[in-house]
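Shown here: data37.cif, mmCIF, C-alpha atoms.
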```
data_target
#
loop_
_atom_site.label_atom_id
_atom_site.label_comp_id
_atom_site.auth_asym_id
_atom_site.auth_seq_id
_atom_site.Cartn_x
_atom_site.Cartn_y
_atom_site.Cartn_z
CA MET W 48 -65.56 47.55 -44.29
CA LYS W 49 -68.17 48.23 -46.90
CA ASN W 50 -67.84 50.68 -49.75
CA ARG W 51 -70.90 52.67 -50.67
CA PHE W 52 -71.58 54.33 -54.03
CA ILE W 53 -73.80 57.40 -53.75
CA LEU W 54 -76.44 58.26 -56.34
CA SER W 55 -75.88 60.80 -59.08
CA ARG W 56 -76.46 64.47 -58.34
CA PHE W 57 -79.34 64.70 -60.81
CA PHE W 58 -81.38 62.02 -59.06
CA TYR W 59 -80.63 63.47 -55.64
CA PHE W 60 -81.49 67.08 -56.37
CA ALA W 61 -84.46 66.15 -58.53
CA SER W 62 -85.87 64.12 -55.64
CA VAL W 63 -85.41 66.91 -53.10
CA LEU W 64 -86.83 69.61 -55.32
CA SER W 65 -89.83 67.50 -56.32
CA LEU W 66 -90.61 66.85 -52.66
CA LEU W 67 -90.34 70.54 -51.88
CA LEU W 68 -92.86 71.27 -54.61
CA CYS W 69 -95.21 68.53 -53.39
CA PHE W 70 -95.14 69.54 -49.74
CA GLY W 71 -95.27 73.29 -50.33
CA CYS W 72 -94.19 75.94 -47.91
CA GLY W 73 -96.16 74.85 -44.86
CA ASP W 74 -95.99 76.66 -41.54
CA THR W 75 -92.40 77.35 -40.56
CA GLU W 76 -93.34 78.09 -36.96
CA ASP W 77 -95.09 74.73 -36.63
CA GLU W 78 -92.04 72.98 -38.01
CA GLN W 79 -89.85 74.86 -35.55
CA GLU W 80 -91.99 73.75 -32.63
CA ALA W 81 -91.85 70.14 -33.79
CA THR W 82 -88.08 70.10 -33.48
CA ASN W 83 -87.96 71.30 -29.89
CA PRO W 84 -89.65 68.73 -27.62
CA THR W 85 -89.46 69.53 -23.93
CA ASN W 86 -88.10 66.16 -22.81
CA ASN W 87 -84.41 65.64 -22.06
CA THR W 88 -81.99 64.65 -24.79
CA LEU W 89 -82.46 61.06 -25.91
CA LEU W 90 -78.76 60.32 -25.74
CA ASP W 91 -76.79 60.93 -22.59
CA GLU W 92 -73.10 61.61 -22.77
CA PRO W 93 -71.20 58.29 -23.00
CA ASP W 94 -69.98 57.08 -19.64
CA GLU W 95 -66.21 57.61 -19.68
CA GLN W 96 -65.45 54.30 -18.01
CA SER W 97 -67.56 52.33 -20.48
CA LEU W 98 -65.58 53.77 -23.37
CA GLN W 99 -62.22 52.43 -22.25
CA PRO W 100 -60.80 48.99 -23.07
CA ALA W 101 -61.34 46.49 -20.25
CA GLU W 102 -57.57 46.23 -19.78
CA GLN W 103 -54.57 48.17 -21.04
CA LEU W 104 -53.29 44.77 -22.15
CA LEU W 105 -55.73 44.92 -25.05
CA GLN W 106 -54.04 46.65 -27.95
CA LEU W 107 -57.14 48.33 -29.36
CA THR W 108 -56.80 52.06 -28.78
CA ALA W 109 -59.15 53.81 -26.40
CA GLU W 110 -60.14 56.18 -29.21
CA ASP W 111 -61.23 53.30 -31.46
CA ARG W 112 -63.24 51.72 -28.68
CA GLU W 113 -64.81 55.06 -27.76
CA LYS W 114 -66.00 55.65 -31.32
CA LEU W 115 -67.52 52.18 -31.50
CA GLU W 116 -69.26 52.47 -28.14
CA GLU W 117 -70.60 55.91 -29.03
CA ALA W 118 -72.03 54.58 -32.30
CA LYS W 119 -73.67 51.67 -30.46
CA GLN W 120 -75.73 54.08 -28.35
CA TRP W 121 -77.71 55.08 -31.43
CA LEU W 122 -78.91 51.50 -31.95
CA GLN W 123 -81.44 51.89 -29.12
CA LEU W 124 -83.39 54.58 -30.98
CA THR W 125 -86.63 53.79 -32.83
CA VAL W 126 -87.93 55.64 -35.89
CA GLU W 127 -90.08 57.71 -33.55
CA ASP W 128 -87.04 58.56 -31.42
CA TRP W 129 -85.13 59.74 -34.47
CA GLU W 130 -88.02 62.09 -35.28
CA LYS W 131 -87.75 63.70 -31.83
CA LEU W 132 -84.01 64.29 -31.50
CA GLU W 133 -82.97 67.32 -29.46
CA ASP W 134 -80.74 70.03 -30.94
CA GLU W 135 -77.70 68.69 -29.06
CA ASP W 136 -78.33 65.19 -30.43
CA TRP W 137 -78.09 66.48 -33.98
CA GLU W 138 -74.76 68.04 -33.06
CA LYS W 139 -73.52 64.73 -31.61
CA LEU W 140 -74.22 63.01 -34.91
CA LYS W 141 -71.93 65.32 -36.86
CA GLY W 142 -68.29 64.50 -37.44
CA GLU W 143 -65.57 66.60 -35.87
CA ASP W 144 -64.28 67.41 -39.36
CA TRP W 145 -67.62 68.74 -40.60
CA VAL W 146 -67.68 72.43 -41.47
CA ARG W 147 -70.53 74.05 -39.54
CA LEU W 148 -72.79 76.59 -41.19
CA THR W 149 -72.41 80.12 -39.91
CA ASN W 150 -75.44 82.29 -39.21
CA ALA W 151 -74.28 84.60 -41.98
CA GLU W 152 -74.32 81.70 -44.47
CA VAL W 153 -77.81 80.73 -43.37
CA ARG W 154 -79.08 84.29 -43.83
CA LYS W 155 -77.55 84.38 -47.30
CA LEU W 156 -79.26 81.12 -48.27
CA MET W 157 -82.56 82.39 -46.88
CA ARG W 158 -82.35 85.38 -49.25
CA ARG W 159 -81.02 83.48 -52.27
CA PRO W 160 -83.25 83.67 -55.40
CA ILE W 161 -84.27 80.22 -56.68
CA GLY W 162 -84.80 78.94 -60.19
CA ARG W 163 -82.46 81.13 -62.20
CA TRP W 164 -81.12 78.16 -64.16
CA GLY W 165 -82.55 75.19 -65.99
CA PHE W 166 -81.79 72.36 -63.57
CA GLN W 167 -79.53 70.33 -65.85
CA GLU W 168 -77.69 73.47 -66.99
CA GLN W 169 -76.57 74.49 -63.51
CA PRO W 170 -72.99 74.06 -62.36
CA TRP W 171 -72.72 71.58 -59.51
CA GLU W 172 -72.05 74.19 -56.83
CA GLU W 173 -74.98 76.36 -57.93
CA ALA W 174 -77.40 73.43 -57.99
CA GLN W 175 -76.35 72.46 -54.47
CA LYS W 176 -76.73 76.02 -53.17
CA ASP W 177 -80.19 76.30 -54.75
CA THR W 178 -81.31 73.07 -53.08
CA HIS W 179 -79.99 74.19 -49.70
CA ALA W 180 -81.57 77.62 -50.09
CA GLN W 181 -84.89 75.98 -50.93
CA LEU W 182 -84.73 73.87 -47.76
CA PHE W 183 -84.05 76.86 -45.51
CA GLN W 184 -86.73 78.94 -47.21
CA GLU W 185 -89.31 76.15 -46.91
CA PHE W 186 -88.62 74.94 -43.37
CA GLY W 187 -86.64 77.69 -41.68
CA ASP W 188 -83.42 77.47 -39.69
CA ILE W 189 -84.07 74.20 -37.85
CA PRO W 190 -81.58 71.45 -36.81
CA GLN W 191 -82.79 68.98 -39.44
CA VAL W 192 -82.11 71.44 -42.27
CA ARG W 193 -78.72 72.43 -40.89
CA TYR W 194 -77.76 68.77 -40.55
CA THR W 195 -78.86 67.98 -44.11
CA VAL W 196 -76.96 70.92 -45.58
CA GLU W 197 -73.79 70.25 -43.57
CA PHE W 198 -74.00 66.55 -44.47
CA ASP W 199 -74.28 67.48 -48.16
CA ARG W 200 -71.36 69.88 -47.97
CA HIS W 201 -69.20 67.25 -46.27
CA TYR W 202 -70.02 64.26 -48.48
CA TRP W 203 -71.51 65.67 -51.70
CA LYS W 204 -68.36 67.41 -52.90
CA GLU W 205 -68.77 65.76 -56.29
CA ALA W 206 -71.69 64.49 -58.37
CA SER W 207 -71.08 60.98 -57.05
CA PHE W 208 -68.63 59.42 -54.64
CA THR W 209 -67.59 56.23 -52.88
CA ILE W 210 -66.93 55.97 -49.15
CA THR W 211 -65.78 53.28 -46.74
CA LEU W 212 -68.60 52.65 -44.29
CA THR W 213 -67.60 52.78 -40.62
CA PRO W 214 -69.88 52.96 -37.56
CA GLU W 215 -69.15 56.70 -37.35
CA ILE W 216 -70.21 57.29 -40.96
CA ALA W 217 -73.11 54.83 -40.77
CA LYS W 218 -74.70 56.73 -37.87
CA GLN W 219 -74.34 59.96 -39.86
CA PHE W 220 -76.23 58.40 -42.76
CA VAL W 221 -79.00 57.35 -40.37
CA GLY W 222 -79.14 60.96 -39.19
CA TYR W 223 -79.32 62.16 -42.78
CA TRP W 224 -82.35 60.02 -43.59
CA ALA W 225 -83.92 60.82 -40.23
CA ALA W 226 -83.69 64.51 -41.12
CA ASN W 227 -85.15 63.80 -44.56
CA TYR W 228 -88.00 61.80 -43.05
CA PHE W 229 -88.75 64.66 -40.65
CA LEU W 230 -88.84 67.15 -43.52
CA PHE W 231 -90.62 64.85 -45.98
CA PRO W 232 -92.62 62.26 -43.99
CA THR W 233 -93.31 59.80 -46.80
CA GLU W 234 -93.32 56.01 -46.64
CA ASP W 235 -90.32 55.93 -48.98
CA HIS W 236 -88.29 58.11 -46.63
CA LYS W 237 -89.36 56.03 -43.65
CA ARG W 238 -88.21 52.88 -45.45
CA LEU W 239 -84.86 54.50 -46.30
CA LEU W 240 -84.42 55.48 -42.65
CA GLU W 241 -85.23 51.95 -41.50
CA ASP W 242 -82.78 50.52 -44.04
CA GLU W 243 -80.01 52.80 -42.75
CA MET W 244 -80.79 51.80 -39.16
CA LYS W 245 -80.28 48.16 -40.16
CA GLU W 246 -77.08 49.11 -41.98
CA LEU W 247 -75.77 50.78 -38.83
CA LYS W 248 -76.42 47.61 -36.83
CA THR W 249 -74.65 45.47 -39.45
CA THR W 250 -71.69 47.84 -39.64
CA ILE W 251 -71.24 47.91 -35.87
CA ALA W 252 -71.39 44.10 -35.68
CA ALA W 253 -68.71 43.82 -38.38
CA GLU W 254 -66.51 46.36 -36.61
CA GLU W 255 -66.85 44.50 -33.31
CA ARG W 256 -65.74 41.27 -35.01
CA ARG W 257 -62.75 43.06 -36.50
CA PHE W 258 -61.81 44.58 -33.15
CA SER W 259 -62.15 41.22 -31.42
CA GLU W 260 -59.86 39.61 -33.99
CA GLU W 261 -57.24 42.32 -33.53
CA GLU W 262 -57.42 42.08 -29.75
CA LEU W 263 -57.13 38.29 -29.81
CA ARG W 264 -54.10 38.42 -32.09
CA SER W 265 -52.42 40.85 -29.71
CA LEU W 266 -53.34 38.70 -26.73
CA GLU W 267 -51.98 35.60 -28.45
CA GLN W 268 -48.61 37.29 -28.82
CA LEU W 269 -48.79 38.32 -25.17
CA ARG W 270 -49.42 34.68 -24.20
CA ILE W 271 -46.10 33.69 -25.76
CA GLU W 272 -44.23 36.51 -24.05
CA ASP W 273 -45.96 36.63 -20.64
CA PRO W 274 -48.51 33.88 -19.84
CA GLN W 275 -49.55 35.45 -16.52
CA ALA W 276 -50.35 38.77 -18.19
CA TRP W 277 -52.19 36.88 -20.94
CA ILE W 278 -54.39 35.16 -18.35
CA LYS W 279 -55.45 38.55 -16.97
CA GLY W 280 -55.93 39.93 -20.47
CA MET W 281 -58.07 36.99 -21.61
CA ARG W 282 -60.30 37.30 -18.57
CA ALA W 283 -60.75 41.01 -19.29
CA PHE W 284 -61.47 40.28 -22.95
CA LEU W 285 -64.06 37.62 -22.11
CA ILE W 286 -65.81 39.89 -19.61
CA GLN W 287 -65.86 42.65 -22.19
CA LYS W 288 -67.32 40.29 -24.79
CA HIS W 289 -69.80 38.26 -22.73
CA GLY W 290 -70.22 40.10 -19.45
CA ASP W 291 -69.14 39.12 -15.93
CA ILE W 292 -71.04 35.82 -15.90
CA PRO W 293 -70.27 32.37 -14.39
CA GLU W 294 -69.43 30.88 -17.80
CA VAL W 295 -66.70 33.46 -18.30
CA ASP W 296 -65.20 32.59 -14.92
CA THR W 297 -65.25 28.90 -15.87
CA ILE W 298 -63.59 29.54 -19.23
CA ALA W 299 -60.91 31.84 -17.81
CA ASN W 300 -59.98 29.47 -14.98
CA PHE W 301 -59.71 26.50 -17.34
CA LEU W 302 -57.56 28.44 -19.81
CA ARG W 303 -55.22 29.35 -16.95
CA LYS W 304 -54.79 25.70 -16.01
CA VAL W 305 -54.19 24.64 -19.60
CA GLU W 306 -51.61 27.34 -20.29
CA LEU W 307 -49.74 26.80 -17.01
CA ASN W 308 -49.89 22.99 -17.46
CA LEU W 309 -51.79 22.52 -14.21
CA PRO W 310 -53.79 19.32 -13.64
CA ARG W 311 -57.49 19.42 -14.60
CA THR W 312 -60.09 17.08 -13.18
CA ASP W 313 -62.61 15.38 -15.44
CA GLU W 314 -65.36 17.41 -13.79
CA GLU W 315 -63.53 20.63 -14.68
CA CYS W 316 -63.31 19.41 -18.28
CA ARG W 317 -67.04 18.73 -18.39
CA THR W 318 -67.81 22.12 -16.84
CA TYR W 319 -65.58 23.85 -19.39
CA LEU W 320 -67.23 22.07 -22.31
CA LYS W 321 -70.66 23.04 -21.02
CA ALA W 322 -69.64 26.69 -20.63
CA TYR W 323 -67.98 26.69 -24.06
CA ASN W 324 -71.10 25.29 -25.73
CA THR W 325 -73.25 27.85 -23.92
CA LEU W 326 -71.18 30.82 -25.08
CA TYR W 327 -70.44 29.53 -28.56
CA ALA W 328 -73.53 27.63 -29.62
CA ASP W 329 -73.46 29.10 -33.14
CA TYR W 330 -69.76 29.79 -33.74
CA PHE W 331 -66.27 28.97 -32.46
CA GLY W 332 -64.60 30.87 -29.67
CA SER W 333 -61.06 32.19 -29.91
CA HIS W 334 -58.28 29.92 -31.15
CA TYR W 335 -57.13 29.20 -27.62
CA GLU W 336 -60.63 28.52 -26.32
CA TYR W 337 -61.11 26.07 -29.18
CA TYR W 338 -57.78 24.44 -28.40
CA ALA W 339 -58.77 24.12 -24.72
CA MET W 340 -62.04 22.54 -25.82
CA LEU W 341 -60.10 19.89 -27.74
CA GLU W 342 -57.85 19.26 -24.71
CA ALA W 343 -60.88 18.87 -22.44
CA SER W 344 -62.54 16.49 -24.89
CA ASP W 345 -59.35 14.48 -25.31
CA GLN W 346 -58.96 14.08 -21.55
CA LEU W 347 -62.49 12.76 -21.15
CA ARG W 348 -62.26 10.48 -24.18
CA PRO W 349 -59.12 10.37 -26.34
CA ILE W 350 -59.78 11.90 -29.75
CA VAL W 351 -59.36 9.38 -32.56
CA ALA W 352 -61.07 11.16 -35.47
CA GLU W 353 -58.39 12.17 -37.97
CA VAL W 354 -59.15 15.86 -38.50
CA PRO W 355 -59.77 16.92 -34.85
CA LEU W 356 -56.73 14.92 -33.74
CA ARG W 357 -54.51 16.57 -36.36
CA ILE W 358 -55.75 20.02 -35.29
CA LEU W 359 -55.06 19.24 -31.63
CA GLU W 360 -51.55 18.04 -32.47
CA LYS W 361 -50.84 21.23 -34.40
CA PHE W 362 -51.97 23.33 -31.45
CA ARG W 363 -49.69 21.34 -29.14
CA GLU W 364 -46.73 21.68 -31.50
CA ALA W 365 -47.26 25.43 -31.79
CA ARG W 366 -47.35 25.80 -28.00
CA ALA W 367 -44.17 23.78 -27.61
CA GLU W 368 -42.37 25.86 -30.24
CA GLY W 369 -43.69 29.23 -29.04
CA ILE W 370 -45.64 29.88 -32.24
CA SER W 371 -48.80 31.96 -32.28
CA PHE W 372 -51.94 29.95 -32.93
CA TYR W 373 -52.71 32.49 -35.65
CA ASP W 374 -49.52 31.47 -37.47
CA ILE W 375 -50.25 27.75 -37.59
CA ASP W 376 -50.05 26.29 -41.09
CA GLY W 377 -53.50 24.88 -41.78
CA ASP W 378 -53.11 23.98 -45.46
CA ASP W 379 -53.66 20.30 -44.94
CA ASP W 380 -56.53 20.59 -42.42
#
```
Please render this file's structure as structure tokens.
Amino acid sequence: MKNRFILSRFFYFASVLSLLLCFGCGDTEDEQEATNPTNNTLLDEPDEQSLQPAEQLLQLTAEDREKLEEAKQWLQLTVEDWEKLEDEDWEKLKGEDWVRLTNAEVRKLMRRPIGRWGFQEQPWEEAQKDTHAQLFQEFGDIPQVRYTVEFDRHYWKEASFTITLTPEIAKQFVGYWAANYFLFPTEDHKRLLEDEMKELKTTIAAEERRFSEEELRSLEQLRIEDPQAWIKGMRAFLIQKHGDIPEVDTIANFLRKVELNLPRTDEECRTYLKAYNTLYADYFGSHYEYYAMLEASDQLRPIVAEVPLRILEKFREARAEGISFYDIDGDDD
């Protein structure tokens, strides 16, 4: 997972305050209307079934999968969609551990005098309160301001900080810059929002790869202990990864025959290789799928090239000795 270093407090608060001065007070009522479109919320509640692992055999927890699937829903939104989020969507973006603003706190910020200190002379807490008060006084009590202030209070506890970027946190950063772009619709803020949207996509892709690796390692151990259960688990994993498509059926059936040492026809080998190349045109499949690909190739035409043959032999030795394919010594490959 990525670590992210956040800018110094001076740059942050200076940027916000300068934008407030540039944009002026504006019409609070107009801003309020802009945040309450009449259409339904852009994000429906996640379907409960879609948030569960495809099989209990997969060791990834349902909670981990649910968080990832929930974060993926935000990928469908465009910049324009982010500008039109409903009140409940802003609430969905927030973490469960965020401390929500009370109405009393908002009223206090709305009445707070601004500009009592020279900016660089202010204690950190006072500078943050002044910035938040300025936002409420300029734009009113709207979801974008509440989100920005609660985001600041959750993450900006110090002048600078480092965090580990997860899909959950990445979506919150997108929300932060979406709120900023709504309040300060400049090209710079639009670019920052677009950059965070790309970062969310990258973070989710990395998390999916990590989850897949963890699931495959667990399934590989299951193969050693219970091949029949592994066959069911692999089929579920492949459907989860690629969808319920003919190529998945071909792959799963061939893996079953390989693992149970059942005879395979040459035509089945060719069909498997075609399905494998379709699903994994740009990268390798799982260790076992790759091993099955070597077995299919060797049956059609015995492998004589040194490196592929050595890899195939190591796979065969590991199977015979009950060793996980993830524990094969590959130092001399």
>> Rounded to one decimal, what separation in Å do you get between atom CA of W:Ala252 and atom CA of W:Leu140?
In response: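 Spanning atom CA of W:Ala252 to atom CA of W:Leu140 is a straight-line distance of 19.1 Å.
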>> If we count only C-alpha atoms and set the cut-off at 10 Å, which residues sit around stretch 261-274 of chain W, ignoring sequence neighbours fewer than 3 positions away in its own chain? Please answer as a list in words.
In response: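 Using only C-alpha atoms, the neighbours found are Leu104, Leu105, Gln106, Leu107, Glu255, Arg256, Arg257, Phe258, Trp277, Ile278, Lys279, Gly280, Met281, Phe284, Arg303, Glu306, Leu307, Ser333, His334, Tyr335, Arg366, Glu368, Gly369, Ile370, Ser371, Phe372, Tyr373 and Asp374 of chain W.
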Just to be explicit: take each residue in the selection above, keep C-alpha atoms, and write the result as an mmCIF file, in the frame of the given file.
```cif
data_model
loop_
_atom_site.group_PDB
_atom_site.id
_atom_site.type_symbol
_atom_site.label_atom_id
_atom_site.label_comp_id
_atom_site.auth_asym_id
_atom_site.auth_seq_id
_atom_site.Cartn_x
_atom_site.Cartn_y
_atom_site.Cartn_z
ATOM 1 C CA LEU W 104 -53.290 44.770 -22.150
ATOM 2 C CA LEU W 105 -55.730 44.920 -25.050
ATOM 3 C CA GLN W 106 -54.040 46.650 -27.950
ATOM 4 C CA LEU W 107 -57.140 48.330 -29.360
ATOM 5 C CA GLU W 255 -66.850 44.500 -33.310
ATOM 6 C CA ARG W 256 -65.740 41.270 -35.010
ATOM 7 C CA ARG W 257 -62.750 43.060 -36.500
ATOM 8 C CA PHE W 258 -61.810 44.580 -33.150
ATOM 9 C CA TRP W 277 -52.190 36.880 -20.940
ATOM 10 C CA ILE W 278 -54.390 35.160 -18.350
ATOM 11 C CA LYS W 279 -55.450 38.550 -16.970
ATOM 12 C CA GLY W 280 -55.930 39.930 -20.470
ATOM 13 C CA MET W 281 -58.070 36.990 -21.610
ATOM 14 C CA PHE W 284 -61.470 40.280 -22.950
ATOM 15 C CA ARG W 303 -55.220 29.350 -16.950
ATOM 16 C CA GLU W 306 -51.610 27.340 -20.290
ATOM 17 C CA LEU W 307 -49.740 26.800 -17.010
ATOM 18 C CA SER W 333 -61.060 32.190 -29.910
ATOM 19 C CA HIS W 334 -58.280 29.920 -31.150
ATOM 20 C CA TYR W 335 -57.130 29.200 -27.620
ATOM 21 C CA ARG W 366 -47.350 25.800 -28.000
ATOM 22 C CA GLU W 368 -42.370 25.860 -30.240
ATOM 23 C CA GLY W 369 -43.690 29.230 -29.040
ATOM 24 C CA ILE W 370 -45.640 29.880 -32.240
ATOM 25 C CA SER W 371 -48.800 31.960 -32.280
ATOM 26 C CA PHE W 372 -51.940 29.950 -32.930
ATOM 27 C CA TYR W 373 -52.710 32.490 -35.650
ATOM 28 C CA ASP W 374 -49.520 31.470 -37.470
#
```
>> What would the selection look like, as an NGL selection string, if the PyMOL selection byres ((chain W and resi 201) around 12) were run on the coordinates I just shared?
In response: :W and (141-148 or 194-200 or 202-205 or 208 or 210 or 216 or 219-220 or 223)
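Between atom CA of W:Glu133 and atom CA of W:Leu212 the separation is 25.3 Å.
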> What is the distance between atom CA of W:Asp235 and atom CA of W:Val126, in Å to one decimal?
Replying inline: 13.3 Å
> Quick one: of W:Leu320, W:Gln191, W:Leu124, W:Glu117, who's nearest to W:Glu138, counting all atoms listed in the file?
Replying inline: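 Counting all atoms listed in the file, the residue closest to W:Glu138 is W:Gln191.
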>> Residues within 9 Å of W:Arg317, please, as a PyMOL selection string. Count only C-alpha atoms; anything in the same chain fewer than 3 positions from it doesn't count.
In response: chain W and resi 312-314+320-322+343-344+347
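Proximity to W:Glu173 was assessed for W:Ile161, W:Phe331, W:Asp345, W:Thr211 counting all atoms listed in the file; the smallest distance is recorded for W:Ile161.
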> Expanded to explicit residues, what is the PyMOL selection byres ((chain W and resi 182) around 9) for this file, as a list in words?
Replying inline: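 With the shown file as input, the PyMOL selection byres ((chain W and resi 182) around 9) matches Val63, Leu64, Leu67, Met157, Asp177, Thr178, His179, Ala180, Gln181, Phe183, Gln184, Glu185, Phe186, Gly187, Asp188, Val192, Val196 and Leu230 of chain W.
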> If you count only C-alpha atoms, which residues fall within 10 Å of W:Asp296, apart from same-chain ones fewer than 2 positions away, as a ChimeraX atom specification?
Replying inline: /W:282,285-286,291-294,298-302,319,322
Using the chain letters and numbers from the file, which residues does the PyMOL selection byres ((chain W and resi 115) around 10) grab, as a CSV table (one decimal) with C-alpha atoms, in the coordinates of the input?
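Listing of result14.csv after writing:
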```
chain,number,residue,atom,x,y,z
W,98,LEU,CA,-65.6,53.8,-23.4
W,109,ALA,CA,-59.2,53.8,-26.4
W,110,GLU,CA,-60.1,56.2,-29.2
W,111,ASP,CA,-61.2,53.3,-31.5
W,112,ARG,CA,-63.2,51.7,-28.7
W,113,GLU,CA,-64.8,55.1,-27.8
W,114,LYS,CA,-66.0,55.6,-31.3
W,116,GLU,CA,-69.3,52.5,-28.1
W,117,GLU,CA,-70.6,55.9,-29.0
W,118,ALA,CA,-72.0,54.6,-32.3
W,119,LYS,CA,-73.7,51.7,-30.5
W,120,GLN,CA,-75.7,54.1,-28.4
W,213,THR,CA,-67.6,52.8,-40.6
W,214,PRO,CA,-69.9,53.0,-37.6
W,215,GLU,CA,-69.2,56.7,-37.4
W,251,ILE,CA,-71.2,47.9,-35.9
W,252,ALA,CA,-71.4,44.1,-35.7
W,254,GLU,CA,-66.5,46.4,-36.6
W,255,GLU,CA,-66.8,44.5,-33.3
W,258,PHE,CA,-61.8,44.6,-33.2
```
Please supply stretch 181-195 of chain W, rebuilt with N, CA and C atoms, as a PDB file, keeping the file's coordinate frame.
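Saved the output as result19.pdb:
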```pdb
ATOM      1  N   GLN W 181     -83.488  76.379 -50.914  1.00  0.00           N
ATOM      2  CA  GLN W 181     -84.890  75.980 -50.930  1.00  0.00           C
ATOM      3  C   GLN W 181     -85.302  75.343 -49.605  1.00  0.00           C
ATOM      4  N   LEU W 182     -84.419  74.514 -49.041  1.00  0.00           N
ATOM      5  CA  LEU W 182     -84.730  73.870 -47.760  1.00  0.00           C
ATOM      6  C   LEU W 182     -84.885  74.907 -46.647  1.00  0.00           C
ATOM      7  N   PHE W 183     -83.957  75.839 -46.554  1.00  0.00           N
ATOM      8  CA  PHE W 183     -84.050  76.860 -45.510  1.00  0.00           C
ATOM      9  C   PHE W 183     -85.285  77.740 -45.715  1.00  0.00           C
ATOM     10  N   GLN W 184     -85.585  78.075 -46.951  1.00  0.00           N
ATOM     11  CA  GLN W 184     -86.730  78.940 -47.210  1.00  0.00           C
ATOM     12  C   GLN W 184     -88.055  78.223 -46.962  1.00  0.00           C
ATOM     13  N   GLU W 185     -88.083  76.912 -47.148  1.00  0.00           N
ATOM     14  CA  GLU W 185     -89.310  76.150 -46.910  1.00  0.00           C
ATOM     15  C   GLU W 185     -89.531  75.860 -45.433  1.00  0.00           C
ATOM     16  N   PHE W 186     -88.462  75.460 -44.727  1.00  0.00           N
ATOM     17  CA  PHE W 186     -88.620  74.940 -43.370  1.00  0.00           C
ATOM     18  C   PHE W 186     -88.028  75.834 -42.282  1.00  0.00           C
ATOM     19  N   GLY W 187     -87.252  76.824 -42.667  1.00  0.00           N
ATOM     20  CA  GLY W 187     -86.640  77.690 -41.680  1.00  0.00           C
ATOM     21  C   GLY W 187     -85.322  77.130 -41.168  1.00  0.00           C
ATOM     22  N   ASP W 188     -84.718  77.859 -40.252  1.00  0.00           N
ATOM     23  CA  ASP W 188     -83.420  77.470 -39.690  1.00  0.00           C
ATOM     24  C   ASP W 188     -83.648  76.505 -38.530  1.00  0.00           C
ATOM     25  N   ILE W 189     -83.831  75.231 -38.855  1.00  0.00           N
ATOM     26  CA  ILE W 189     -84.070  74.200 -37.850  1.00  0.00           C
ATOM     27  C   ILE W 189     -82.935  73.170 -37.917  1.00  0.00           C
ATOM     28  N   PRO W 190     -82.717  72.389 -36.848  1.00  0.00           N
ATOM     29  CA  PRO W 190     -81.580  71.450 -36.810  1.00  0.00           C
ATOM     30  C   PRO W 190     -81.560  70.456 -37.961  1.00  0.00           C
ATOM     31  N   GLN W 191     -82.743  69.980 -38.376  1.00  0.00           N
ATOM     32  CA  GLN W 191     -82.790  68.980 -39.440  1.00  0.00           C
ATOM     33  C   GLN W 191     -82.280  69.549 -40.765  1.00  0.00           C
ATOM     34  N   VAL W 192     -82.590  70.819 -41.033  1.00  0.00           N
ATOM     35  CA  VAL W 192     -82.110  71.440 -42.270  1.00  0.00           C
ATOM     36  C   VAL W 192     -80.610  71.689 -42.178  1.00  0.00           C
ATOM     37  N   ARG W 193     -80.165  72.203 -41.049  1.00  0.00           N
ATOM     38  CA  ARG W 193     -78.720  72.430 -40.890  1.00  0.00           C
ATOM     39  C   ARG W 193     -77.948  71.126 -41.046  1.00  0.00           C
ATOM     40  N   TYR W 194     -78.458  70.056 -40.447  1.00  0.00           N
ATOM     41  CA  TYR W 194     -77.760  68.770 -40.550  1.00  0.00           C
ATOM     42  C   TYR W 194     -77.696  68.311 -42.001  1.00  0.00           C
ATOM     43  N   THR W 195     -78.822  68.414 -42.716  1.00  0.00           N
ATOM     44  CA  THR W 195     -78.860  67.980 -44.110  1.00  0.00           C
ATOM     45  C   THR W 195     -77.873  68.767 -44.961  1.00  0.00           C
TER      46      THR W 195
END
```
